[in-house]
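Note: the block below is data-v4.tsv and it holds TSV, C-alpha atoms.
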```
chain	number	residue	atom	x	y	z
A	1	MET	CA	-9.10	-18.55	39.87
A	2	GLU	CA	-11.82	-16.13	38.82
A	3	THR	CA	-14.09	-17.50	36.10
A	4	LYS	CA	-17.02	-15.98	34.28
A	5	GLN	CA	-20.34	-17.83	34.49
A	6	LEU	CA	-21.39	-18.78	30.99
A	7	THR	CA	-24.68	-20.51	30.38
A	8	GLN	CA	-24.84	-24.02	28.97
A	9	GLY	CA	-26.49	-22.50	25.90
A	10	GLU	CA	-23.46	-20.26	25.30
A	11	ILE	CA	-21.12	-23.23	25.70
A	12	GLU	CA	-23.24	-25.28	23.28
A	13	LEU	CA	-23.15	-22.42	20.75
A	14	ALA	CA	-19.35	-22.27	20.94
A	15	ALA	CA	-19.22	-26.06	20.56
A	16	GLN	CA	-21.40	-25.84	17.46
A	17	ILE	CA	-19.07	-23.20	15.97
A	18	LEU	CA	-16.15	-25.59	16.47
A	19	ARG	CA	-17.97	-28.59	14.96
A	20	GLU	CA	-18.95	-26.51	11.92
A	21	GLY	CA	-15.39	-25.37	11.19
A	22	GLY	CA	-15.25	-22.01	12.99
A	23	LEU	CA	-12.62	-20.54	15.31
A	24	VAL	CA	-13.19	-19.97	19.04
A	25	GLY	CA	-10.98	-18.34	21.64
A	26	ILE	CA	-10.86	-20.73	24.58
A	27	PRO	CA	-9.66	-20.22	28.16
A	28	THR	CA	-7.27	-22.72	29.70
A	29	GLU	CA	-5.32	-22.67	32.95
A	30	THR	CA	-2.14	-21.84	30.99
A	31	VAL	CA	-3.00	-19.20	28.36
A	32	TYR	CA	-5.96	-18.51	26.08
A	33	GLY	CA	-5.98	-20.70	22.98
A	34	LEU	CA	-7.29	-20.25	19.44
A	35	GLY	CA	-9.32	-23.39	18.88
A	36	ALA	CA	-10.62	-25.26	15.84
A	37	ASN	CA	-11.92	-28.75	15.14
A	38	GLY	CA	-8.68	-30.73	15.05
A	39	LEU	CA	-10.10	-33.26	12.58
A	40	ASN	CA	-11.07	-30.57	10.03
A	41	PRO	CA	-7.99	-29.59	7.97
A	42	GLU	CA	-9.62	-26.47	6.53
A	43	ALA	CA	-10.63	-25.20	9.96
A	44	VAL	CA	-7.11	-25.81	11.26
A	45	ARG	CA	-5.63	-23.90	8.31
A	46	HIS	CA	-7.74	-20.93	9.39
A	47	ILE	CA	-5.86	-20.95	12.73
A	48	PHE	CA	-2.59	-20.37	10.88
A	49	GLN	CA	-4.18	-17.60	8.80
A	50	ALA	CA	-5.65	-15.79	11.81
A	51	LYS	CA	-2.39	-15.92	13.75
A	52	GLY	CA	0.01	-15.42	10.84
A	53	ARG	CA	1.65	-18.62	12.13
A	54	PRO	CA	4.34	-20.50	10.13
A	55	GLN	CA	2.97	-23.73	8.67
A	56	ASP	CA	5.88	-25.81	10.01
A	57	ASN	CA	4.93	-25.01	13.63
A	58	PRO	CA	2.84	-27.97	14.93
A	59	LEU	CA	-0.31	-27.62	17.02
A	60	ILE	CA	-1.60	-29.39	20.15
A	61	LEU	CA	-4.82	-31.42	20.29
A	62	HIS	CA	-6.92	-30.77	23.40
A	63	ILE	CA	-9.10	-33.60	24.70
A	64	PRO	CA	-11.54	-33.88	27.64
A	65	THR	CA	-10.27	-37.17	29.15
A	66	VAL	CA	-7.29	-39.53	28.92
A	67	ASP	CA	-9.61	-42.13	27.35
A	68	TRP	CA	-9.44	-40.17	24.09
A	69	LEU	CA	-5.70	-40.83	23.64
A	70	GLU	CA	-6.28	-44.16	21.90
A	71	ARG	CA	-8.44	-42.46	19.25
A	72	TYR	CA	-5.61	-40.27	17.96
A	73	CYS	CA	-2.37	-41.94	19.13
A	74	ARG	CA	-0.70	-45.32	18.69
A	75	GLU	CA	2.09	-47.20	20.48
A	76	ILE	CA	1.25	-45.30	23.65
A	77	PRO	CA	3.88	-46.11	26.31
A	78	ASP	CA	3.11	-46.82	29.95
A	79	ALA	CA	4.85	-43.54	30.78
A	80	ALA	CA	2.01	-41.64	29.13
A	81	TYR	CA	-0.59	-43.15	31.42
A	82	GLU	CA	1.61	-42.56	34.47
A	83	LEU	CA	2.01	-38.89	33.54
A	84	ALA	CA	-1.72	-38.60	32.86
A	85	ARG	CA	-2.49	-40.16	36.25
A	86	ARG	CA	-0.31	-37.58	37.99
A	87	PHE	CA	-0.80	-34.43	35.94
A	88	TRP	CA	-4.00	-34.62	33.88
A	89	PRO	CA	-6.14	-32.67	33.71
A	90	GLY	CA	-3.43	-30.05	33.86
A	91	PRO	CA	-0.75	-27.96	32.11
A	92	MET	CA	1.15	-30.80	30.40
A	93	THR	CA	1.31	-31.90	26.75
A	94	MET	CA	2.62	-35.32	25.69
A	95	VAL	CA	4.11	-35.89	22.24
A	96	LEU	CA	3.10	-39.35	21.00
A	97	LYS	CA	2.92	-41.29	17.75
A	98	ARG	CA	-0.18	-40.19	15.86
A	99	ARG	CA	-2.87	-42.15	14.06
A	100	ASP	CA	-3.73	-41.37	10.43
A	101	VAL	CA	-6.99	-39.69	11.49
A	102	VAL	CA	-4.96	-36.66	12.70
A	103	PRO	CA	-4.51	-34.27	9.74
A	104	ASP	CA	-1.02	-33.37	8.57
A	105	VAL	CA	-1.78	-29.66	9.02
A	106	VAL	CA	-2.07	-30.25	12.79
A	107	THR	CA	1.30	-32.00	13.07
A	108	ALA	CA	3.23	-29.99	10.44
A	109	GLY	CA	3.70	-33.29	8.61
A	110	LEU	CA	5.34	-35.06	11.56
A	111	ASP	CA	4.36	-38.59	12.56
A	112	THR	CA	3.82	-37.37	16.12
A	113	VAL	CA	1.16	-35.22	17.77
A	114	GLY	CA	1.01	-33.23	21.01
A	115	MET	CA	-1.90	-34.18	23.27
A	116	ARG	CA	-3.23	-32.24	26.26
A	117	CYS	CA	-6.14	-32.59	28.69
A	118	PRO	CA	-6.60	-29.09	30.17
A	119	GLU	CA	-7.79	-28.39	33.71
A	120	HIS	CA	-9.87	-25.23	33.19
A	121	ALA	CA	-13.52	-26.09	33.95
A	122	LEU	CA	-15.00	-23.99	31.14
A	123	CYS	CA	-12.53	-25.40	28.61
A	124	ARG	CA	-13.37	-28.95	29.69
A	125	ALA	CA	-17.10	-28.23	29.37
A	126	LEU	CA	-16.54	-26.92	25.85
A	127	LEU	CA	-14.46	-29.95	24.83
A	128	ALA	CA	-17.14	-32.31	26.11
A	129	ALA	CA	-19.91	-30.39	24.34
A	130	ALA	CA	-17.99	-30.18	21.04
A	131	ASP	CA	-17.14	-33.91	21.11
A	132	VAL	CA	-14.14	-33.31	18.83
A	133	PRO	CA	-10.45	-32.84	19.66
A	134	VAL	CA	-9.65	-29.14	19.55
A	135	ALA	CA	-6.41	-27.98	17.91
A	136	ALA	CA	-5.36	-24.80	19.70
A	137	PRO	CA	-2.16	-22.76	19.84
A	138	SER	CA	-1.99	-19.64	22.00
A	139	GLY	CA	-4.51	-17.04	20.85
A	140	ASN	CA	-2.12	-14.23	19.96
A	141	THR	CA	-0.75	-12.89	16.70
A	142	SER	CA	2.26	-15.11	15.97
A	143	GLY	CA	5.36	-13.88	17.78
A	144	ARG	CA	3.56	-11.61	20.27
A	145	PRO	CA	3.25	-12.37	24.00
A	146	SER	CA	0.60	-14.97	24.70
A	147	PRO	CA	-2.84	-13.88	26.01
A	148	THR	CA	-3.71	-14.61	29.64
A	149	THR	CA	-7.07	-12.78	29.61
A	150	ALA	CA	-9.94	-12.61	27.12
A	151	GLN	CA	-9.14	-8.92	26.62
A	152	HIS	CA	-5.59	-9.79	25.53
A	153	MET	CA	-7.00	-12.17	22.96
A	154	LEU	CA	-9.52	-9.62	21.73
A	155	GLU	CA	-6.64	-7.20	21.07
A	156	ASP	CA	-5.10	-9.65	18.59
A	157	MET	CA	-8.08	-11.56	17.19
A	158	ASP	CA	-10.99	-9.09	17.04
A	159	GLY	CA	-12.68	-9.52	13.64
A	160	LYS	CA	-10.60	-12.59	12.73
A	161	ILE	CA	-12.47	-15.32	14.65
A	162	ASP	CA	-16.05	-16.28	15.47
A	163	ALA	CA	-16.15	-16.12	19.29
A	164	ILE	CA	-14.11	-15.79	22.49
A	165	LEU	CA	-15.17	-17.49	25.72
A	166	ASP	CA	-14.20	-15.38	28.75
A	167	GLY	CA	-13.05	-17.73	31.49
A	168	GLY	CA	-11.27	-15.13	33.59
A	169	PRO	CA	-7.50	-14.68	33.98
A	170	CYS	CA	-5.32	-17.78	33.54
A	171	SER	CA	-4.09	-19.37	36.76
A	172	VAL	CA	-0.73	-20.68	35.45
A	173	GLY	CA	0.15	-17.96	32.95
A	174	VAL	CA	2.68	-19.78	30.73
A	175	GLU	CA	1.97	-22.44	28.13
A	176	SER	CA	1.89	-26.14	28.95
A	177	THR	CA	4.96	-28.24	29.54
A	178	ILE	CA	5.68	-30.40	26.48
A	179	ILE	CA	7.39	-33.77	26.93
A	180	ASP	CA	8.30	-36.09	24.04
A	181	LEU	CA	7.52	-39.71	24.90
A	182	THR	CA	8.58	-41.12	21.51
A	183	CYS	CA	12.26	-41.19	22.47
A	184	THR	CA	14.40	-42.70	25.24
A	185	PRO	CA	14.86	-41.10	27.65
A	186	PRO	CA	11.78	-38.84	27.39
A	187	ARG	CA	12.71	-35.30	26.39
A	188	LEU	CA	11.45	-31.96	27.69
A	189	LEU	CA	10.68	-29.83	24.62
A	190	ARG	CA	9.10	-26.84	26.36
A	191	PRO	CA	9.06	-26.04	30.10
A	192	GLY	CA	5.75	-25.01	31.62
A	193	GLY	CA	3.42	-25.42	34.56
A	194	ILE	CA	4.55	-29.00	35.26
A	195	THR	CA	8.21	-28.66	36.19
A	196	LEU	CA	11.24	-30.67	35.08
A	197	GLU	CA	11.63	-31.79	38.68
A	198	GLN	CA	8.07	-33.16	38.72
A	199	LEU	CA	8.62	-35.00	35.44
A	200	ARG	CA	11.81	-36.59	36.73
A	201	ASP	CA	10.06	-37.61	39.93
A	202	ALA	CA	7.45	-39.41	37.81
A	203	LEU	CA	9.67	-40.93	35.11
A	204	GLY	CA	13.24	-40.93	36.39
A	205	GLN	CA	15.58	-39.70	33.68
A	206	VAL	CA	14.25	-36.85	31.49
A	207	ALA	CA	16.48	-35.10	28.96
A	208	VAL	CA	16.20	-31.39	28.15
A	209	ASP	CA	16.06	-30.44	24.47
A	210	PRO	CA	18.65	-27.84	23.43
A	211	ALA	CA	15.82	-25.66	22.08
A	212	VAL	CA	14.79	-24.92	25.68
A	213	THR	CA	17.89	-22.75	26.05
A	214	ARG	CA	18.60	-21.66	22.46
A	215	LEU	CA	16.82	-20.96	19.17
A	216	LEU	CA	16.63	-23.73	16.58
A	217	GLY	CA	18.85	-23.09	13.60
A	218	ALA	CA	17.94	-22.94	9.94
A	219	GLY	CA	16.82	-26.35	8.69
A	220	GLU	CA	16.04	-27.71	12.17
A	221	LYS	CA	12.42	-28.91	12.26
A	222	PRO	CA	10.45	-28.18	15.44
A	223	LYS	CA	8.79	-31.16	17.13
A	224	ALA	CA	6.56	-28.96	19.27
A	225	PRO	CA	5.13	-25.43	19.32
A	226	GLY	CA	7.43	-22.59	20.29
A	227	MET	CA	10.75	-24.31	19.55
A	228	LYS	CA	11.91	-22.62	16.37
A	229	TYR	CA	10.82	-19.00	16.11
A	230	ARG	CA	11.25	-15.84	18.15
A	231	HIS	CA	8.23	-15.87	20.42
A	232	TYR	CA	6.45	-13.89	23.10
A	233	ALA	CA	8.07	-10.66	21.93
A	234	PRO	CA	6.78	-7.12	22.47
A	235	LYS	CA	7.58	-4.45	19.88
A	236	ALA	CA	10.56	-3.04	21.79
A	237	PRO	CA	13.75	-5.14	22.01
A	238	VAL	CA	14.21	-7.05	25.27
A	239	THR	CA	17.39	-7.66	27.26
A	240	VAL	CA	17.24	-10.35	29.96
A	241	VAL	CA	19.53	-10.03	32.98
A	242	THR	CA	20.15	-13.17	35.05
A	243	GLY	CA	21.90	-13.76	38.35
A	244	PRO	CA	21.05	-13.02	42.00
A	245	ALA	CA	18.16	-10.57	42.22
A	246	GLU	CA	20.14	-7.77	43.88
A	247	ARG	CA	22.87	-8.00	41.24
A	248	SER	CA	20.53	-8.11	38.25
A	249	ALA	CA	18.58	-5.11	39.60
A	250	ALA	CA	21.79	-3.16	40.14
A	251	TYR	CA	23.03	-4.02	36.64
A	252	ILE	CA	19.79	-2.83	35.05
A	253	ALA	CA	19.85	0.36	37.14
A	254	ARG	CA	23.35	1.12	35.83
A	255	HIS	CA	22.76	0.30	32.17
A	256	ALA	CA	19.11	1.04	31.31
A	257	GLY	CA	18.39	4.25	29.45
A	258	ALA	CA	16.22	6.94	31.00
A	259	GLU	CA	13.29	6.09	28.69
A	260	ASP	CA	13.68	2.30	28.81
A	261	GLY	CA	11.03	0.01	30.27
A	262	ILE	CA	11.78	-2.27	33.22
A	263	ILE	CA	10.37	-5.66	34.25
A	264	CYS	CA	11.52	-6.33	37.80
A	265	PHE	CA	10.71	-8.16	40.99
A	266	ASP	CA	8.45	-6.44	43.48
A	267	GLU	CA	11.30	-5.65	45.87
A	268	PHE	CA	13.04	-3.41	43.31
A	269	THR	CA	10.22	-1.36	41.81
A	270	ALA	CA	11.10	1.66	43.98
A	271	LEU	CA	14.65	1.57	42.60
A	272	PHE	CA	13.34	2.24	39.10
A	273	ARG	CA	10.44	4.53	39.98
A	274	SER	CA	12.51	7.24	41.64
A	275	GLU	CA	11.69	10.88	40.93
A	276	GLU	CA	15.06	11.30	39.25
A	277	ARG	CA	14.34	8.53	36.68
A	278	PRO	CA	10.58	7.87	36.48
A	279	ARG	CA	10.75	4.90	34.11
A	280	THR	CA	7.86	2.68	33.00
A	281	VAL	CA	8.06	-0.31	35.35
A	282	MET	CA	6.15	-3.62	35.27
A	283	ASP	CA	6.09	-5.52	38.56
A	284	LEU	CA	6.81	-9.23	38.07
A	285	GLY	CA	5.87	-10.14	41.64
A	286	PRO	CA	8.05	-11.07	44.62
A	287	ALA	CA	11.49	-12.51	43.83
A	288	GLY	CA	10.61	-15.66	45.76
A	289	ASP	CA	7.19	-16.27	44.20
A	290	LYS	CA	7.74	-17.86	40.79
A	291	GLU	CA	4.11	-18.92	40.41
A	292	GLU	CA	3.07	-15.27	40.59
A	293	GLN	CA	5.85	-14.31	38.16
A	294	ALA	CA	4.53	-16.90	35.68
A	295	ARG	CA	1.04	-15.40	35.93
A	296	ARG	CA	2.38	-11.88	35.29
A	297	ILE	CA	5.10	-12.32	32.67
A	298	PHE	CA	3.00	-12.13	29.49
A	299	ASP	CA	0.86	-9.31	30.86
A	300	ALA	CA	4.05	-7.35	31.57
A	301	LEU	CA	5.46	-7.94	28.09
A	302	ARG	CA	2.17	-7.05	26.37
A	303	ALA	CA	1.72	-3.90	28.47
A	304	PHE	CA	4.82	-2.32	26.93
A	305	ASP	CA	3.18	-2.37	23.51
A	306	HIS	CA	0.89	0.38	24.83
A	307	THR	CA	3.91	2.57	25.66
A	308	HIS	CA	6.70	4.22	23.67
A	309	VAL	CA	9.67	2.65	25.47
A	310	PRO	CA	12.65	2.18	23.10
A	311	ALA	CA	13.93	-0.91	24.93
A	312	ILE	CA	12.98	-3.27	27.77
A	313	TRP	CA	15.19	-4.72	30.52
A	314	ALA	CA	13.94	-7.74	32.46
A	315	GLN	CA	15.04	-9.45	35.64
A	316	CYS	CA	14.91	-13.23	35.38
A	317	PRO	CA	14.43	-15.91	38.06
A	318	ASP	CA	16.71	-18.93	38.36
A	319	ALA	CA	15.84	-22.11	36.47
A	320	GLU	CA	14.49	-24.18	39.37
A	321	GLY	CA	10.84	-25.21	39.28
A	322	ILE	CA	8.63	-23.08	37.07
A	323	GLY	CA	11.52	-20.59	36.87
A	324	LEU	CA	12.78	-22.61	33.89
A	325	ALA	CA	9.54	-21.83	32.02
A	326	ILE	CA	9.66	-18.12	32.92
A	327	ALA	CA	13.30	-17.88	31.83
A	328	ASN	CA	12.49	-19.72	28.59
A	329	ARG	CA	9.71	-17.25	27.72
A	330	LEU	CA	11.81	-14.20	28.61
A	331	ASN	CA	14.81	-15.50	26.68
A	332	LYS	CA	12.70	-16.17	23.59
A	333	ALA	CA	11.12	-12.73	23.87
A	334	ALA	CA	14.66	-11.34	23.91
A	335	GLY	CA	15.87	-13.51	21.03
A	336	PHE	CA	18.26	-15.00	23.63
A	337	HIS	CA	19.92	-11.62	24.29
A	338	ILE	CA	20.91	-12.55	27.85
A	339	ILE	CA	23.37	-10.88	30.25
A	340	GLN	CA	24.72	-12.60	33.37
A	341	ALA	CA	24.97	-10.08	36.18
```
Let's see the structure in the file written out as structure tokens.
Amino acid sequence: METKQLTQGEIELAAQILREGGLVGIPTETVYGLGANGLNPEAVRHIFQAKGRPQDNPLILHIPTVDWLERYCREIPDAAYELARRFWPGPMTMVLKRRDVVPDVVTAGLDTVGMRCPEHALCRALLAAADVPVAAPSGNTSGRPSPTTAQHMLEDMDGKIDAILDGGPCSVGVESTIIDLTCTPPRLLRPGGITLEQLRDALGQVAVDPAVTRLLGAGEKPKAPGMKYRHYAPKAPVTVVTGPAERSAAYIARHAGAEDGIICFDEFTALFRSEERPRTVMDLGPAGDKEEQARRIFDALRAFDHTHVPAIWAQCPDAEGIGLAIANRLNKAAGFHIIQA
């Protein structure tokens, strides 16, 4: 992964901004986050203001090492340490019982808190220098596609926050996996860079929360970020088409309007870029390379906001591996407007 070389002085300055209650855009391996001192309620409230984020949407605390868990969590099960041994630092968040030191504004009033130890070297250096847990949702205006470059974040947060650290493009490209360890069996709340298959290999039985495949209804309280609201959405409405790649491409070719935007696998770009119908096409990567699709999905969705397409059609991978996370993000961007080809 490409990273920019920041000096220790620049990292220390960003750390000081965090300690003093400011907001900093931080790179992680998943997406860029909008960080604040997670022990400072006023600073955390500024995250919600900058993003336009609903107050009932909880945040994740980012820590530099697993040793910090005991400071902010209680009744930590053995499963947490097993997951940390396998997947931390990395793109996984664990929901655990919180200690009173964690402000209510971080947890949306819940008695649980999401904890993550990120892998990105610059992010880890910042966390160590700040010496505070950093509350950080994705660094986009609430509802928009998440930022996977510093430039994406600048588009949404310029003039609203104190600094952005440029750590290069994100290597995973979708937000962290969230697993709830306060229930039996553990429950997947949001798919991400650590797959359901990997979690089950580590823990055995892992349930999948219904919010992974549908929107929460009115009155349902989200236990983790991204569960309740329409997320990741560009300005134009999105339709997701599932099924074998050849079929989904053919369906889109038959039904998309002449001015509509297309998100498709690499093998089918020529189908939509013909001289007869020169549509705006975003290449999601090869049909068989889900890791590349994860890195490209938010960039593709955001790119359409710089066009005038009236609607967007998107091919979708199957739900195996990180495909579940890609499908989850596409489906939420589409408000679960999904067609099976």
- Message: Which residues are near segment 104-111 of chain A? Cut-off 12 Å, only C-alpha atoms, ignore same chain within fewer than 6 positions. Put them as a ChimeraX atom specification.
- Response: /A:35-48,53-62,72-75,95-98,133-137,182,221-225
- Query: When distances are computed from only C-alpha atoms, which of A:Glu20, A:Asp305, A:Asp266, A:Glu320 shows the smallest separation from Gly192 of chain A?
  - Reply: A:Glu320
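Between atom CA of Gly321 of chain A and atom CA of Ser171 of chain A there is a distance of 16.2 Å.
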- Task: Could you give me, as a PyMOL selection string, the residues that have an atom at most 10 Å away from the point (-17.9, -27.8, 19.1) in the coordinates of the file, using only C-alpha atoms?
- Result: chain A and resi 11-24+35-37+126-134
Please write the residues from the selection above to a file, keeping C-alpha atoms, as a PDB file, in the coordinates of the input.
```pdb
ATOM      1  CA  ILE A  11     -21.120 -23.230  25.700  1.00  0.00           C
ATOM      2  CA  GLU A  12     -23.240 -25.280  23.280  1.00  0.00           C
ATOM      3  CA  LEU A  13     -23.150 -22.420  20.750  1.00  0.00           C
ATOM      4  CA  ALA A  14     -19.350 -22.270  20.940  1.00  0.00           C
ATOM      5  CA  ALA A  15     -19.220 -26.060  20.560  1.00  0.00           C
ATOM      6  CA  GLN A  16     -21.400 -25.840  17.460  1.00  0.00           C
ATOM      7  CA  ILE A  17     -19.070 -23.200  15.970  1.00  0.00           C
ATOM      8  CA  LEU A  18     -16.150 -25.590  16.470  1.00  0.00           C
ATOM      9  CA  ARG A  19     -17.970 -28.590  14.960  1.00  0.00           C
ATOM     10  CA  GLU A  20     -18.950 -26.510  11.920  1.00  0.00           C
ATOM     11  CA  GLY A  21     -15.390 -25.370  11.190  1.00  0.00           C
ATOM     12  CA  GLY A  22     -15.250 -22.010  12.990  1.00  0.00           C
ATOM     13  CA  LEU A  23     -12.620 -20.540  15.310  1.00  0.00           C
ATOM     14  CA  VAL A  24     -13.190 -19.970  19.040  1.00  0.00           C
ATOM     15  CA  GLY A  35      -9.320 -23.390  18.880  1.00  0.00           C
ATOM     16  CA  ALA A  36     -10.620 -25.260  15.840  1.00  0.00           C
ATOM     17  CA  ASN A  37     -11.920 -28.750  15.140  1.00  0.00           C
ATOM     18  CA  LEU A 126     -16.540 -26.920  25.850  1.00  0.00           C
ATOM     19  CA  LEU A 127     -14.460 -29.950  24.830  1.00  0.00           C
ATOM     20  CA  ALA A 128     -17.140 -32.310  26.110  1.00  0.00           C
ATOM     21  CA  ALA A 129     -19.910 -30.390  24.340  1.00  0.00           C
ATOM     22  CA  ALA A 130     -17.990 -30.180  21.040  1.00  0.00           C
ATOM     23  CA  ASP A 131     -17.140 -33.910  21.110  1.00  0.00           C
ATOM     24  CA  VAL A 132     -14.140 -33.310  18.830  1.00  0.00           C
ATOM     25  CA  PRO A 133     -10.450 -32.840  19.660  1.00  0.00           C
ATOM     26  CA  VAL A 134      -9.650 -29.140  19.550  1.00  0.00           C
TER      27      VAL A 134
END
```
Please put the answer as AutoDock Vina command-line options: centre and edge lengths, in Å with one decimal, of a box along x, y and z that encloses all listed atoms of segment 328-337 of chain A plus 5 Å on each side.
```
--center_x 14.8 --center_y -15.5 --center_z 24.8 --size_x 20.2 --size_y 18.4 --size_z 17.6
```
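Nearest to Gly114 of chain A of all the residues A:Asp180, A:Asp289, A:Asp209, A:Glu259 is A:Asp180, based on all atoms listed in the file.
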- Message: With only C-alpha atoms as the counted atoms, please give the residues lying no more than 10 Å from Ala233 of chain A, apart from itself and same-chain residues fewer than 3 positions off, as a PyMOL selection string.
- Response: chain A and resi 142-146+230+236-238+298+301-302+305+329-335
- Between atom CA of Leu165 of chain A and atom CA of Ala150 of chain A, what is the distance, to one decimal in Å? 7.3 Å
- Query: Which residue gives the smallest distance to Cys123 of chain A among A:Thr195, A:Asn140, A:Thr213, A:Thr28, with only C-alpha atoms counted?
  - Reply: A:Thr28
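Of the residues listed (A:Gly204, A:Pro118, A:Gly159, A:Gly25), A:Pro118 shows the shortest atom-to-atom separation from Thr177 of chain A; distances use only C-alpha atoms.
Reported to one decimal place, the separation of atom CA of Ile26 of chain A from atom CA of Ile164 of chain A is 6.3 Å.
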Can I get segment 155-176 of chain A with N, CA and C atoms filled in, as an mmCIF file, in the coordinates of the input?
```
data_model
loop_
_atom_site.group_PDB
_atom_site.id
_atom_site.type_symbol
_atom_site.label_atom_id
_atom_site.label_comp_id
_atom_site.auth_asym_id
_atom_site.auth_seq_id
_atom_site.Cartn_x
_atom_site.Cartn_y
_atom_site.Cartn_z
ATOM 1 N N GLU A 155 -7.560 -8.153 21.680
ATOM 2 C CA GLU A 155 -6.640 -7.200 21.070
ATOM 3 C C GLU A 155 -6.066 -7.741 19.759
ATOM 4 N N ASP A 156 -5.762 -9.050 19.745
ATOM 5 C CA ASP A 156 -5.100 -9.650 18.590
ATOM 6 C C ASP A 156 -6.072 -10.259 17.584
ATOM 7 N N MET A 157 -7.224 -10.734 18.041
ATOM 8 C CA MET A 157 -8.080 -11.560 17.190
ATOM 9 C C MET A 157 -9.439 -10.937 16.863
ATOM 10 N N ASP A 158 -9.702 -9.729 17.313
ATOM 11 C CA ASP A 158 -10.990 -9.090 17.040
ATOM 12 C C ASP A 158 -11.216 -9.011 15.523
ATOM 13 N N GLY A 159 -12.346 -9.542 15.061
ATOM 14 C CA GLY A 159 -12.680 -9.520 13.640
ATOM 15 C C GLY A 159 -12.099 -10.665 12.840
ATOM 16 N N LYS A 160 -11.240 -11.483 13.445
ATOM 17 C CA LYS A 160 -10.600 -12.590 12.730
ATOM 18 C C LYS A 160 -11.225 -13.945 13.056
ATOM 19 N N ILE A 161 -11.945 -14.042 14.204
ATOM 20 C CA ILE A 161 -12.470 -15.320 14.650
ATOM 21 C C ILE A 161 -13.940 -15.164 15.014
ATOM 22 N N ASP A 162 -14.605 -16.283 15.305
ATOM 23 C CA ASP A 162 -16.050 -16.280 15.470
ATOM 24 C C ASP A 162 -16.511 -15.974 16.889
ATOM 25 N N ALA A 163 -15.724 -16.326 17.901
ATOM 26 C CA ALA A 163 -16.150 -16.120 19.290
ATOM 27 C C ALA A 163 -14.952 -16.240 20.219
ATOM 28 N N ILE A 164 -15.076 -15.628 21.404
ATOM 29 C CA ILE A 164 -14.110 -15.790 22.490
ATOM 30 C C ILE A 164 -14.906 -16.090 23.753
ATOM 31 N N LEU A 165 -14.564 -17.175 24.431
ATOM 32 C CA LEU A 165 -15.170 -17.490 25.720
ATOM 33 C C LEU A 165 -14.324 -16.872 26.828
ATOM 34 N N ASP A 166 -14.920 -16.034 27.663
ATOM 35 C CA ASP A 166 -14.200 -15.380 28.750
ATOM 36 C C ASP A 166 -14.257 -16.259 29.986
ATOM 37 N N GLY A 167 -13.139 -16.877 30.312
ATOM 38 C CA GLY A 167 -13.050 -17.730 31.490
ATOM 39 C C GLY A 167 -12.243 -17.125 32.602
ATOM 40 N N GLY A 168 -12.062 -15.789 32.567
ATOM 41 C CA GLY A 168 -11.270 -15.130 33.590
ATOM 42 C C GLY A 168 -9.783 -15.233 33.317
ATOM 43 N N PRO A 169 -8.957 -14.637 34.171
ATOM 44 C CA PRO A 169 -7.500 -14.680 33.980
ATOM 45 C C PRO A 169 -6.954 -16.093 34.192
ATOM 46 N N CYS A 170 -5.908 -16.441 33.464
ATOM 47 C CA CYS A 170 -5.320 -17.780 33.540
ATOM 48 C C CYS A 170 -4.550 -17.962 34.844
ATOM 49 N N SER A 171 -4.679 -19.131 35.449
ATOM 50 C CA SER A 171 -4.090 -19.370 36.760
ATOM 51 C C SER A 171 -2.609 -19.739 36.702
ATOM 52 N N VAL A 172 -2.144 -20.306 35.581
ATOM 53 C CA VAL A 172 -0.730 -20.680 35.450
ATOM 54 C C VAL A 172 0.046 -19.568 34.754
ATOM 55 N N GLY A 173 -0.424 -19.137 33.584
ATOM 56 C CA GLY A 173 0.150 -17.960 32.950
ATOM 57 C C GLY A 173 1.205 -18.209 31.908
ATOM 58 N N VAL A 174 1.770 -19.411 31.823
ATOM 59 C CA VAL A 174 2.680 -19.780 30.730
ATOM 60 C C VAL A 174 2.161 -21.071 30.115
ATOM 61 N N GLU A 175 2.510 -21.301 28.855
ATOM 62 C CA GLU A 175 1.970 -22.440 28.130
ATOM 63 C C GLU A 175 2.360 -23.765 28.785
ATOM 64 N N SER A 176 1.688 -24.826 28.349
ATOM 65 C CA SER A 176 1.890 -26.140 28.950
ATOM 66 C C SER A 176 3.305 -26.647 28.744
#
```
